[in-house]
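Student: mmCIF, C-alpha atoms and all ligand atoms, file structure_33.cif:
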```cif
data_my_file
#
loop_
_atom_site.label_atom_id
_atom_site.label_comp_id
_atom_site.auth_asym_id
_atom_site.auth_seq_id
_atom_site.Cartn_x
_atom_site.Cartn_y
_atom_site.Cartn_z
CA MET A 1 0.00 0.00 0.00
CA ILE A 2 1.43 3.38 -0.96
CA VAL A 3 1.04 6.19 1.55
CA LEU A 4 1.08 9.57 -0.14
CA GLY A 5 0.39 11.64 2.95
CA MET A 6 2.92 13.09 5.30
CA SER A 7 3.01 13.45 9.07
CA ILE A 8 4.75 16.42 10.65
CA ALA A 9 5.72 17.21 14.25
CA VAL A 10 6.18 20.89 15.12
CA HIS A 11 8.67 21.09 17.98
CA SER A 12 11.10 23.48 19.70
CA TYR A 13 13.66 23.55 22.49
CA LYS A 14 12.29 26.53 24.37
CA GLY A 15 8.69 27.51 24.95
CA GLY A 16 6.88 30.32 23.18
CA THR A 17 8.87 30.15 19.94
CA GLY A 18 5.76 29.97 17.74
CA LYS A 19 4.97 26.25 17.39
CA THR A 20 1.25 26.65 17.87
CA LEU A 21 1.13 29.71 15.62
CA PHE A 22 2.82 27.83 12.76
CA SER A 23 0.95 24.56 13.35
CA ILE A 24 -2.39 26.34 12.95
CA ASN A 25 -1.41 28.68 10.15
CA LEU A 26 0.42 26.03 8.14
CA ALA A 27 -2.57 23.71 8.52
CA ALA A 28 -4.95 26.46 7.38
CA THR A 29 -2.75 27.40 4.42
CA LEU A 30 -2.40 23.78 3.28
CA VAL A 31 -6.19 23.48 3.45
CA GLN A 32 -6.47 26.61 1.30
CA HIS A 33 -4.20 24.86 -1.18
CA GLY A 34 -6.91 22.22 -1.43
CA LYS A 35 -5.39 19.69 0.94
CA LYS A 36 -7.06 17.54 3.60
CA VAL A 37 -5.31 18.28 6.87
CA CYS A 38 -5.55 16.82 10.36
CA LEU A 39 -4.21 19.03 13.15
CA MET A 40 -3.55 17.48 16.57
CA ASP A 41 -2.73 19.09 19.91
CA LEU A 42 0.00 17.00 21.52
CA ASP A 43 0.81 19.68 24.06
CA PHE A 44 -0.86 17.98 27.01
CA ARG A 45 0.90 20.24 29.49
CA ALA A 46 -0.55 23.41 28.04
CA PRO A 47 -3.28 22.57 25.52
CA SER A 48 -3.76 25.48 23.12
CA LEU A 49 -5.95 24.44 20.22
CA THR A 50 -9.17 24.63 22.26
CA THR A 51 -8.63 28.40 22.40
CA PHE A 52 -8.86 28.56 18.60
CA PHE A 53 -11.39 25.86 17.95
CA GLY A 54 -13.52 25.62 21.08
CA ALA A 55 -14.16 22.42 22.96
CA GLU A 56 -17.92 21.98 22.65
CA LYS A 57 -18.02 19.46 19.85
CA ALA A 58 -15.37 17.04 21.07
CA GLU A 59 -16.88 13.62 21.81
CA CYS A 60 -13.48 12.42 22.99
CA TRP A 61 -10.13 14.04 23.68
CA LEU A 62 -6.85 12.98 22.19
CA ASN A 63 -5.99 11.97 25.77
CA ASP A 64 -8.72 9.31 25.58
CA TYR A 65 -7.33 7.91 22.34
CA LEU A 66 -3.88 7.58 23.90
CA ASN A 67 -5.42 6.00 26.98
CA GLY A 68 -6.96 3.41 24.70
CA THR A 69 -10.54 4.24 25.68
CA CYS A 70 -11.69 5.92 22.47
CA LYS A 71 -11.37 5.45 18.72
CA ILE A 72 -9.53 8.19 16.82
CA GLU A 73 -12.58 8.87 14.64
CA LYS A 74 -14.43 10.12 17.73
CA VAL A 75 -11.67 12.59 18.52
CA LEU A 76 -11.59 14.31 15.13
CA ILE A 77 -13.72 17.43 14.71
CA ASN A 78 -14.50 18.90 11.32
CA HIS A 79 -13.52 22.57 11.24
CA SER A 80 -13.41 22.99 7.45
CA GLN A 81 -15.89 25.86 7.67
CA ARG A 82 -13.21 27.92 9.41
CA ILE A 83 -11.19 28.04 6.21
CA ASN A 84 -12.26 30.33 3.37
CA GLU A 85 -11.98 27.78 0.61
CA GLY A 86 -10.17 24.65 -0.48
CA GLY A 87 -9.78 21.30 1.22
CA LYS A 88 -10.71 20.01 4.64
CA LEU A 89 -9.51 20.67 8.18
CA PHE A 90 -10.01 18.23 11.05
CA VAL A 91 -8.77 18.93 14.55
CA ALA A 92 -7.99 16.66 17.51
CA LEU A 93 -7.90 18.43 20.87
CA ALA A 94 -6.01 17.84 24.11
CA ASN A 95 -8.08 18.04 27.27
CA PRO A 96 -7.32 21.45 28.86
CA SER A 97 -8.74 20.69 32.33
CA THR A 98 -6.29 20.88 35.24
CA GLU A 99 -7.14 17.34 36.25
CA ALA A 100 -6.32 16.01 32.77
CA ILE A 101 -3.02 17.92 32.67
CA ARG A 102 -2.08 16.47 36.04
CA ASP A 103 -3.10 13.01 34.91
CA MET A 104 -1.03 13.22 31.72
CA SER A 105 2.10 14.36 33.55
CA ALA A 106 1.99 11.40 35.92
CA LYS A 107 2.13 8.61 33.35
CA ASP A 108 4.73 5.86 33.68
CA ARG A 109 7.11 4.38 31.12
CA LYS A 110 4.78 1.58 30.20
CA TRP A 111 1.99 4.04 29.42
CA GLU A 112 4.38 6.15 27.33
CA MET A 113 5.42 3.05 25.42
CA ARG A 114 1.78 2.29 24.62
CA ALA A 115 1.18 5.91 23.68
CA LEU A 116 4.03 5.68 21.20
CA GLY A 117 2.48 2.54 19.78
CA ARG A 118 -0.85 4.32 19.38
CA LEU A 119 0.77 7.32 17.71
CA LEU A 120 2.64 5.06 15.32
CA ALA A 121 -0.63 3.27 14.64
CA LEU A 122 -2.34 6.54 13.62
CA ARG A 123 -0.51 6.77 10.33
CA ASN A 124 -2.55 4.25 8.39
CA PRO A 125 -6.08 5.18 9.53
CA ILE A 126 -5.41 8.91 9.08
CA LEU A 127 -3.26 9.09 5.97
CA ASN A 128 -4.48 5.94 4.20
CA ASP A 129 -8.01 5.04 5.20
CA ASN A 130 -9.30 8.58 5.73
CA GLY A 131 -7.29 10.08 2.89
CA PHE A 132 -5.63 12.94 4.77
CA ASP A 133 -2.72 14.60 2.96
CA TYR A 134 -1.12 16.00 6.11
CA LEU A 135 -1.11 15.14 9.78
CA ILE A 136 0.33 18.00 11.85
CA LEU A 137 1.21 17.54 15.53
CA ASP A 138 1.69 20.61 17.72
CA THR A 139 3.92 19.62 20.66
CA SER A 140 5.27 20.80 24.02
CA PRO A 141 8.76 22.34 24.03
CA GLY A 142 11.86 20.45 25.11
CA LEU A 143 12.36 16.79 25.94
CA GLN A 144 8.84 15.93 27.01
CA TYR A 145 7.74 12.33 26.62
CA SER A 146 4.73 13.29 24.49
CA SER A 147 6.91 15.46 22.24
CA ILE A 148 9.52 12.77 21.67
CA ASN A 149 6.73 10.29 20.99
CA ALA A 150 5.40 12.72 18.37
CA ILE A 151 8.85 13.17 16.84
CA VAL A 152 9.49 9.44 16.64
CA SER A 153 6.12 8.75 15.01
CA THR A 154 6.26 11.38 12.23
CA ASP A 155 7.99 11.74 8.85
CA LEU A 156 9.21 15.31 9.26
CA VAL A 157 10.14 17.47 12.25
CA ILE A 158 9.74 21.21 11.90
CA VAL A 159 11.77 22.82 14.65
CA VAL A 160 10.79 26.38 15.45
CA THR A 161 13.56 28.43 16.96
CA THR A 162 14.64 32.03 17.62
CA PHE A 163 18.01 33.77 17.82
CA ASP A 164 17.83 33.65 21.62
CA LYS A 165 21.23 32.29 22.75
CA SER A 166 19.96 29.50 24.98
CA ASP A 167 17.43 28.52 22.33
CA VAL A 168 20.16 28.32 19.67
CA GLU A 169 22.34 26.12 21.87
CA GLY A 170 19.46 23.89 22.92
CA THR A 171 18.24 23.53 19.34
CA LYS A 172 21.71 22.49 18.17
CA ARG A 173 21.87 19.86 20.89
CA MET A 174 18.45 18.50 20.01
CA LEU A 175 19.42 18.26 16.34
CA HIS A 176 22.36 16.01 17.21
CA GLU A 177 21.12 14.21 20.30
CA LEU A 178 17.47 13.70 19.44
CA TYR A 179 16.39 14.11 15.81
CA GLU A 180 19.58 12.59 14.40
CA LEU A 181 19.45 9.57 16.71
CA PHE A 182 15.98 8.78 15.40
CA GLU A 183 17.12 9.50 11.82
CA LYS A 184 14.51 12.22 11.44
CA LYS A 185 14.16 14.48 8.46
CA THR A 186 14.30 17.96 10.00
CA ASN A 187 13.45 21.47 8.72
CA ILE A 188 13.98 24.66 10.64
CA ILE A 189 11.95 27.84 11.06
CA VAL A 190 13.72 30.80 12.63
CA ASN A 191 11.05 33.01 14.12
CA LYS A 192 10.84 36.49 15.64
CA VAL A 193 13.85 37.68 13.71
CA LEU A 194 14.57 41.39 13.79
CA TYR A 195 15.54 42.50 10.29
CA ASP A 196 14.42 44.57 7.38
CA VAL A 197 11.89 42.46 5.45
CA SER A 198 12.16 44.58 2.33
CA SER A 199 15.86 43.80 1.84
CA LYS A 200 16.29 40.65 -0.25
CA SER A 201 20.06 40.55 0.24
CA THR A 202 19.76 40.42 4.05
CA GLU A 203 17.35 37.52 3.68
CA LYS A 204 19.78 35.55 1.53
CA ASP A 205 22.63 36.23 3.97
CA MET A 206 20.46 35.16 6.85
CA GLN A 207 19.46 31.97 5.04
CA ASN A 208 23.11 31.04 4.44
CA LYS A 209 24.02 31.83 8.02
CA ILE A 210 21.21 29.64 9.41
CA THR A 211 21.97 26.72 7.10
CA GLU A 212 25.61 26.88 8.17
CA MET A 213 24.63 27.07 11.84
CA TYR A 214 22.28 24.11 11.92
CA GLN A 215 23.13 22.10 8.80
CA VAL A 216 19.47 21.40 8.04
CA PRO A 217 17.14 22.85 5.37
CA VAL A 218 15.52 26.16 6.26
CA LEU A 219 11.74 26.17 5.89
CA GLY A 220 11.38 29.86 6.64
CA ILE A 221 12.74 32.95 8.31
CA VAL A 222 10.04 34.99 10.01
CA PRO A 223 10.38 38.54 11.29
CA CYS A 224 8.72 39.70 14.45
CA PHE A 225 5.36 41.18 13.39
CA CYS A 226 3.53 43.44 15.81
CA ASP A 227 0.28 42.57 14.02
CA VAL A 228 0.80 38.89 14.89
CA SER A 229 1.42 39.80 18.53
CA LYS A 230 -1.57 42.10 18.58
CA ALA A 231 -3.84 39.34 17.30
CA GLU A 232 -3.26 37.67 20.70
CA GLY A 233 -3.94 34.27 19.21
CA ALA A 234 -7.63 35.04 18.88
CA PHE A 235 -8.02 33.98 15.24
CA ILE A 236 -6.25 32.16 12.42
CA PHE A 237 -4.03 34.98 11.20
CA THR A 238 -3.51 33.85 7.59
CA GLN A 239 -7.30 33.55 7.22
CA GLU A 240 -8.11 36.99 8.60
CA LYS A 241 -5.23 38.80 6.92
CA PRO A 242 -4.34 36.90 3.74
CA SER A 243 -2.40 39.79 2.22
CA HIS A 244 -0.21 40.38 5.30
CA PRO A 245 3.53 39.57 4.80
CA PHE A 246 3.19 36.90 7.52
CA ALA A 247 0.57 35.09 5.42
CA LYS A 248 2.88 35.31 2.39
CA ILE A 249 5.73 33.71 4.35
CA VAL A 250 3.51 30.89 5.62
CA ASP A 251 2.28 30.36 2.06
CA GLU A 252 5.87 29.90 0.87
CA MET A 253 6.50 27.43 3.70
CA ALA A 254 3.42 25.43 2.71
CA ASN A 255 4.65 25.35 -0.89
CA ARG A 256 8.03 24.06 0.25
CA ILE A 257 6.42 21.33 2.33
CA GLU A 258 4.24 20.26 -0.60
CA LYS A 259 7.20 20.21 -2.96
CA ASN A 260 9.14 18.19 -0.41
CA ASN A 261 6.35 15.68 -0.12
CA SER A 262 6.01 15.14 -3.86
CA MET A 263 9.72 14.35 -4.29
CA MET B 264 -4.83 -40.19 -2.82
CA THR B 265 -2.39 -42.61 -4.46
CA ARG B 266 -0.09 -44.95 -2.54
CA GLN B 267 2.91 -42.97 -3.75
CA GLU B 268 1.55 -39.69 -2.44
CA VAL B 269 0.95 -41.21 1.00
CA LEU B 270 4.49 -42.61 1.11
CA GLY B 271 5.97 -39.31 -0.08
CA ARG B 272 4.34 -37.40 2.75
CA LYS B 273 6.01 -39.10 5.63
CA PRO B 274 9.61 -38.30 4.74
CA LEU B 275 8.55 -34.72 4.07
CA ARG B 276 7.03 -34.44 7.54
CA VAL B 277 10.16 -35.95 9.09
CA LEU B 278 12.30 -33.41 7.29
CA GLU B 279 10.09 -30.61 8.47
CA LYS B 280 10.39 -31.83 12.06
CA ILE B 281 14.18 -31.92 11.74
CA ARG B 282 14.23 -28.38 10.41
CA GLU B 283 11.97 -27.19 13.20
CA SER B 284 14.30 -28.72 15.77
CA LEU B 285 17.33 -27.17 14.11
CA ASP B 286 15.65 -23.76 14.21
CA LYS B 287 14.96 -24.17 17.91
CA ILE B 288 18.55 -25.22 18.64
CA ASN B 289 19.81 -22.29 16.61
CA GLU B 290 17.65 -19.90 18.58
CA LYS B 291 18.81 -21.28 21.92
CA MET B 292 22.41 -20.95 20.79
CA GLU B 293 21.83 -17.33 19.82
CA ILE B 294 20.51 -16.58 23.28
CA MET B 295 23.40 -18.45 24.91
CA ILE B 296 25.90 -16.48 22.83
CA GLU B 297 24.27 -13.23 23.88
CA LEU B 298 24.24 -14.24 27.54
CA HIS B 299 27.84 -15.32 27.31
CA LYS B 300 28.80 -11.93 25.83
CA ARG B 301 27.19 -10.25 28.78
CA GLY B 302 28.93 -12.58 31.22
CA ARG B 303 25.74 -14.09 32.57
CA LYS B 304 25.91 -17.74 33.44
CA GLU B 305 22.40 -18.54 34.45
CA PHE B 306 19.77 -18.86 31.72
CA GLN B 307 17.68 -16.00 32.95
CA LEU B 308 16.22 -12.91 31.36
CA LEU B 309 16.17 -9.45 32.93
CA PRO B 310 12.82 -8.21 34.24
CA ASP B 311 10.40 -6.39 31.93
CA ALA B 312 11.74 -3.04 30.78
CA PRO B 313 9.27 -1.00 28.75
CA LEU B 314 10.53 0.17 25.38
CA ASP B 315 9.67 3.85 25.74
CA VAL B 316 11.34 6.72 23.88
CA MET B 317 13.75 7.58 26.72
CA THR B 318 14.95 3.98 26.75
CA LEU B 319 15.27 4.07 22.96
CA LEU B 320 17.34 7.26 23.23
CA SER B 321 19.79 5.70 25.67
CA MET B 322 20.47 2.62 23.51
CA PRO B 323 23.44 2.10 21.24
CA ASP B 324 22.60 3.00 17.63
CA HIS B 325 22.54 -0.56 16.28
CA LEU B 326 20.03 -1.76 18.90
CA ARG B 327 17.86 1.36 18.58
CA LYS B 328 17.46 0.65 14.90
CA THR B 329 16.23 -2.87 15.61
CA ALA B 330 13.97 -1.76 18.48
CA MET B 331 12.43 1.05 16.39
CA THR B 332 11.68 -1.42 13.61
CA VAL B 333 9.78 -3.72 15.97
CA CYS B 334 7.92 -0.70 17.44
CA ARG B 335 6.87 0.32 13.95
CA LEU B 336 5.87 -3.15 12.78
CA GLY B 337 4.25 -4.07 16.11
CA ARG B 338 5.43 -7.66 15.68
CA ALA B 339 8.14 -9.04 13.48
CA THR B 340 10.31 -12.04 12.65
CA ALA B 341 14.07 -11.60 12.33
CA GLU B 342 13.62 -11.82 8.59
CA GLU B 343 11.01 -9.05 8.51
CA ALA B 344 13.12 -6.81 10.73
CA ALA B 345 16.22 -7.45 8.61
CA LYS B 346 14.33 -6.39 5.50
CA GLN B 347 13.61 -2.99 7.12
CA THR B 348 17.08 -2.39 8.55
CA HIS B 349 18.91 -3.72 5.46
CA ARG B 350 21.09 -5.92 7.64
CA ALA B 351 21.74 -9.65 7.48
CA ARG B 352 19.10 -11.85 9.07
CA ALA B 353 21.62 -13.49 11.40
CA VAL B 354 22.86 -10.09 12.62
CA GLU B 355 19.32 -8.85 13.17
CA SER B 356 18.40 -12.05 14.97
CA GLY B 357 21.33 -11.49 17.36
CA TYR B 358 20.17 -7.95 18.15
CA LEU B 359 16.56 -9.07 18.61
CA ASN B 360 17.57 -11.75 21.07
CA GLN B 361 19.76 -9.27 22.88
CA LEU B 362 16.70 -7.02 23.29
CA VAL B 363 14.73 -10.01 24.61
CA ILE B 364 17.44 -10.68 27.18
CA MET B 365 17.43 -7.01 28.19
CA GLY B 366 13.68 -7.33 28.84
CA HIS B 367 12.66 -4.87 26.11
CA LEU B 368 11.11 -7.37 23.72
CA LYS B 369 9.12 -10.54 24.08
CA LYS B 370 9.41 -13.55 21.86
CA GLU B 371 6.88 -16.11 20.80
CA ARG B 372 6.96 -19.13 18.53
CA VAL B 373 4.20 -19.85 16.09
CA GLY B 374 5.01 -23.03 14.21
CA ARG B 375 8.49 -22.64 12.81
CA LYS B 376 8.59 -18.86 13.12
CA ALA B 377 9.78 -16.79 16.06
CA TYR B 378 8.00 -13.47 16.48
CA PHE B 379 9.33 -10.50 18.43
CA TYR B 380 7.01 -7.88 19.90
CA THR B 381 6.87 -5.21 22.59
CA GLU B 382 3.56 -6.17 24.08
CA LYS B 383 0.58 -8.38 23.27
CA GLU B 384 -2.24 -6.54 21.46
CA ASN B 385 -0.85 -3.18 22.58
CA GLN B 386 -2.79 -1.20 20.04
CA GLY B 387 -6.35 -0.29 20.80
N1 LIG C 1 6.71 36.23 14.24
C1 LIG C 1 6.03 36.64 15.31
N2 LIG C 1 5.80 37.95 15.52
C2 LIG C 1 5.13 38.38 16.62
N3 LIG C 1 4.63 37.57 17.54
C3 LIG C 1 4.83 36.25 17.41
C4 LIG C 1 5.52 35.71 16.28
N4 LIG C 1 5.56 34.37 16.41
C5 LIG C 1 4.90 34.08 17.55
N5 LIG C 1 4.45 35.19 18.15
C6 LIG C 1 3.71 35.29 19.42
O1 LIG C 1 4.45 34.62 20.42
C7 LIG C 1 3.59 33.99 21.34
C8 LIG C 1 3.93 32.51 21.47
O2 LIG C 1 3.58 31.85 20.29
P1 LIG C 1 3.04 30.36 20.32
O3 LIG C 1 1.99 30.19 21.35
O4 LIG C 1 2.70 29.96 18.94
O5 LIG C 1 4.37 29.62 20.80
P2 LIG C 1 4.53 28.09 21.21
O6 LIG C 1 5.89 27.69 20.75
O7 LIG C 1 3.39 27.30 20.76
O8 LIG C 1 4.52 28.21 22.80
P3 LIG C 1 4.47 26.98 23.87
O9 LIG C 1 5.89 26.47 23.92
O10 LIG C 1 4.04 27.62 25.13
O11 LIG C 1 3.51 25.98 23.32
C9 LIG C 1 2.18 34.20 20.83
O12 LIG C 1 1.59 35.27 21.51
C10 LIG C 1 2.38 34.55 19.37
O13 LIG C 1 1.37 35.37 18.85
MG MG C 2 2.14 25.96 21.82
#
```
How does the structure come out when it is put into structure tokens?
Ligand SMILES: Nc1ncnc2c1ncn2[C@@H]1O[C@H](COP(=O)(O)OP(=O)(O)OP(=O)(O)O)[C@@H](O)[C@H]1O
Ligand SMILES: [Mg+2]
Tutor:
Amino acid sequence: MIVLGMSIAVHSYKGGTGKTLFSINLAATLVQHGKKVCLMDLDFRAPSLTTFFGAEKAECWLNDYLNGTCKIEKVLINHSQRINEGGKLFVALANPSTEAIRDMSAKDRKWEMRALGRLLALRNPILNDNGFDYLILDTSPGLQYSSINAIVSTDLVIVVTTFDKSDVEGTKRMLHELYELFEKKTNIIVNKVLYDVSSKSTEKDMQNKITEMYQVPVLGIVPCFCDVSKAEGAFIFTQEKPSHPFAKIVDEMANRIEKNNSM
Amino acid sequence: MTRQEVLGRKPLRVLEKIRESLDKINEKMEIMIELHKRGRKEFQLLPDAPLDVMTLLSMPDHLRKTAMTVCRLGRATAEEAAKQTHRARAVESGYLNQLVIMGHLKKERVGRKAYFYTEKENQG
């Protein structure tokens, strides 16, 4: 059986680098490109997707699927209407209640092993049986069990980083001591960069510098946009402001991912 | 069924039995070699050690590759694992048995084949 779809984990060393922002906006942009996308919240320590998508319609949480008490079909919620046009968007949410967060952080090794098995087992039902083109997992920062499980179970890791010194060092370590050990294909996004967007030569220089620093393909370099900050994560930015430079950058990233997948 | 067919069956079954026994001996030897390498005299496996990602991270590269393959396949023979890792079956079989001894994998015989797995029906 040939699987044409692709699964992606969005990860970072430090918190607050923009994982959730890119997970949501990349998913939305791929949907606009006509793709069928499944977006999952694997950040069980600080679930974020409920803020964007609401929790009313969830019959089961992703937590329940990993606990083995619920089928994945019951976790997926159709949010295609949120996207202006194109394909389909399904979302799987992490339970944001304090009790659930506590419960998830107290799991033992055996549970984590089973969770990995269940994540690995998602590939076929999602990408094959249900015909999704992309499965995108938003994760917790650092070396969390759930994040490493997500990394191990996916085809591509997108690591979102900044020029913050400790983030740079941590990201380099993760590239060699985590992604490489699991033989993961890795792309990098450098976010919140302070530079003049209008200058093409600075962008090229920056690209070369980043490639040299990390030795992995660069998916995108993203300036700090006040408009993105001001949005306060209240809506899907690329949907509300499709002509904003941020939306253009995410569009280029989506194109790169699609090109990558067809090779 | 002709007389000849009936006669022809018995030797075939005997040969199959011999091969089965040889496979079993081979497997026991593999485990003994592994135990010997680790300086363990008694024929005893380590207690169950779940194959979670942190454990996978701390393993030497060659074993991680084998362990990851079994995680992905859920259940595999040495031959199936070898096909994924592009290593020789005998090499792969050695690594698989080593993981059994370490308590990370379980092993089960079905007929002539030995299957390696992390846990029985672990997927819901
Ligand atoms: N390029 C940018 N310009 C301005 N603000 C940004 C940019 N990228 C991200 N932000 C803001 O930074 C904050 C953190 O982003 P986000 O929640 O996506 O990070 P995260 O990596 O998911 O965080 P966590 O590790 O807590 O899950 C958000 O308020 C977001 O709007
Ligand atoms: Mg987040």
Student: When you count only C-alpha atoms and all ligand atoms, which of these residues is closest to ligand LIG 1 (chain C): A:Met40, A:Val10, A:Ile188, A:Ala58?
Tutor: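 That would be A:Val10, the residue with the smallest distance to ligand LIG 1 (chain C).
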Student: To check your reading of the model: which residues sit at most 7 Å from ligand LIG 1 (chain C) when counting only C-alpha atoms and all ligand atoms? Write the answer as a ChimeraX atom specification.
Tutor: /A:12,14-22,43,46,139-141,191-192,222-229,231-233
Student: In terms of the shortest atom-to-atom distance over all atoms listed in the file, which of A:Phe182, A:Trp61, A:Phe237, A:Phe246 is closest to chain B?
Tutor: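 Among the listed residues, the smallest separation from chain B belongs to A:Phe182.
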Student: Any idea what the distance is between CA of Asp64 (chain A) and CA of Leu143 (chain A)?
Tutor: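 Between CA of Asp64 (chain A) and CA of Leu143 (chain A) the gap is 22.4 Å.
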Student: With all atoms listed in the file as the atoms that count, which of B:Arg282, B:Arg272, B:His367, B:Arg352 lies nearest to Met331 (chain B)?
Tutor: B:His367
Student: Could the residues of chain B that have an atom at most 10 Å from chain A be listed as CSV, each with its closest atom pair and the distance in Å to one decimal, counting all atoms listed in the file and ordered by chain and ascending residue number?
Tutor:
```
residue,atom,partner,partner_atom,distance
B:Asp311,CA,A:Lys110,CA,9.9
B:Ala312,CA,A:Lys110,CA,8.4
B:Pro313,CA,A:Lys110,CA,5.4
B:Leu314,CA,A:Met113,CA,5.9
B:Asp315,CA,A:Met113,CA,4.3
B:Val316,CA,A:Asn149,CA,6.5
B:Met317,CA,A:Tyr145,CA,7.7
B:Thr318,CA,A:Arg109,CA,9.0
B:Leu319,CA,A:Phe182,CA,8.9
B:Leu320,CA,A:Leu181,CA,7.2
B:Ser321,CA,A:Leu181,CA,9.8
B:Met322,CA,A:Leu181,CA,9.8
B:Pro323,CA,A:Leu181,CA,9.6
B:Asp324,CA,A:Leu181,CA,7.3
B:Arg327,CA,A:Phe182,CA,8.3
B:Lys328,CA,A:Phe182,CA,8.3
B:Met331,CA,A:Phe182,CA,8.6
B:Cys334,CA,A:Gly117,CA,6.8
B:Arg335,CA,A:Leu120,CA,6.5
B:Leu336,CA,A:Leu120,CA,9.2
B:Gly337,CA,A:Gly117,CA,7.8
B:Thr381,CA,A:Met113,CA,8.9
B:Glu382,CA,A:Arg114,CA,8.7
B:Asn385,CA,A:Arg114,CA,6.4
B:Gln386,CA,A:Arg118,CA,5.9
B:Gly387,CA,A:Gly68,CA,5.4
```
Student: For region 197-214 of chain A, find every residue with an atom within 8 Å (counting only C-alpha atoms), except residues of its own chain fewer than 4 positions away, and show them as a VMD selection string.
Tutor: chain A and resid 172 175 218 221 223
Student: What does the distance from CA of Pro242 (chain A) to CA of Leu137 (chain A) come to in Å, to one decimal?
Tutor: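 Pair CA of Pro242 (chain A) / CA of Leu137 (chain A) returns 23.3 Å.
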Student: Write out as a list in words the residues lying within 8 Å of region 343-348 of chain B, counting all atoms listed in the file and excluding same-chain residues fewer than 2 positions away.
Tutor: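 Contacts, with the query itself left out: Lys328, Thr329, Thr332, Val333, Ala339, Thr340, Ala341, Arg350, Ala351, Arg352 and Glu355 of chain B.
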Student: To one decimal place in Å, what is the distance between CA of Ile136 (chain A) and CA of Cys60 (chain A)?
Tutor: 18.6 Å
Student: Which residue is closest to ligand MG 2 (chain C)? Choose from A:Asp41, A:Glu252, A:Asp167, A:Glu73 and count only C-alpha atoms and all ligand atoms.
Tutor: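 So, comparing all the options, the nearest one is A:Asp41.
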Student: I'd like the contact shell of Phe379 (chain B) - 7 Å cut-off, all atoms listed in the file, skipping same-chain residues fewer than 6 positions apart - returned as a list in words.
Tutor: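 Close residues of Phe379 (chain B): Arg338, Ala339, Thr340, Leu368, Lys369, Lys370 and Glu371 of chain B.
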Student: Using only C-alpha atoms and all ligand atoms, find the one residue out of A:Thr98, A:Ser105, A:Glu85, A:Asp138 that sits nearest to ligand MG 2 (chain C).
Tutor: A:Asp138
Student: Would you please work out which residue, of A:Phe235, A:Tyr179, A:Phe53, A:Phe44, is nearest to ligand MG 2 (chain C) when using all atoms listed in the file?
Tutor: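 For ligand MG 2 (chain C), the nearest of the candidates is A:Phe44.
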Student: Quick one: residues within 6 Å of Ser7 (chain A), only C-alpha atoms, excluding same-chain residues fewer than 5 positions away - as a list in words?
Tutor: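 Counting only the stated atoms, we get Tyr134, Leu135, Ile136, Thr154 and Asp155 of chain A.
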Student: Please write the residues from the selection above to a file, keeping C-alpha atoms, as a short mmCIF file (atom, residue, chain, number, x, y, z; two decimals), in the frame of the given file.
Tutor:
```cif
data_model
loop_
_atom_site.label_atom_id
_atom_site.label_comp_id
_atom_site.auth_asym_id
_atom_site.auth_seq_id
_atom_site.Cartn_x
_atom_site.Cartn_y
_atom_site.Cartn_z
CA TYR A 134 -1.12 16.00 6.11
CA LEU A 135 -1.11 15.14 9.78
CA ILE A 136 0.33 18.00 11.85
CA THR A 154 6.26 11.38 12.23
CA ASP A 155 7.99 11.74 8.85
#
```
Student: Which neighbours of region 288-303 of chain B fall inside 10 Å, counting only C-alpha atoms, when residues of the same chain fewer than 5 positions from it are skipped, and could you give them as a list in words?
Tutor: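 Residues near the query, excluding close chain neighbours: Arg282, Glu283, Leu308, Ala353, Ser356, Gly357, Tyr358, Leu359, Asn360, Gln361, Leu362, Val363, Ile364, Met365 and Ala377 of chain B.
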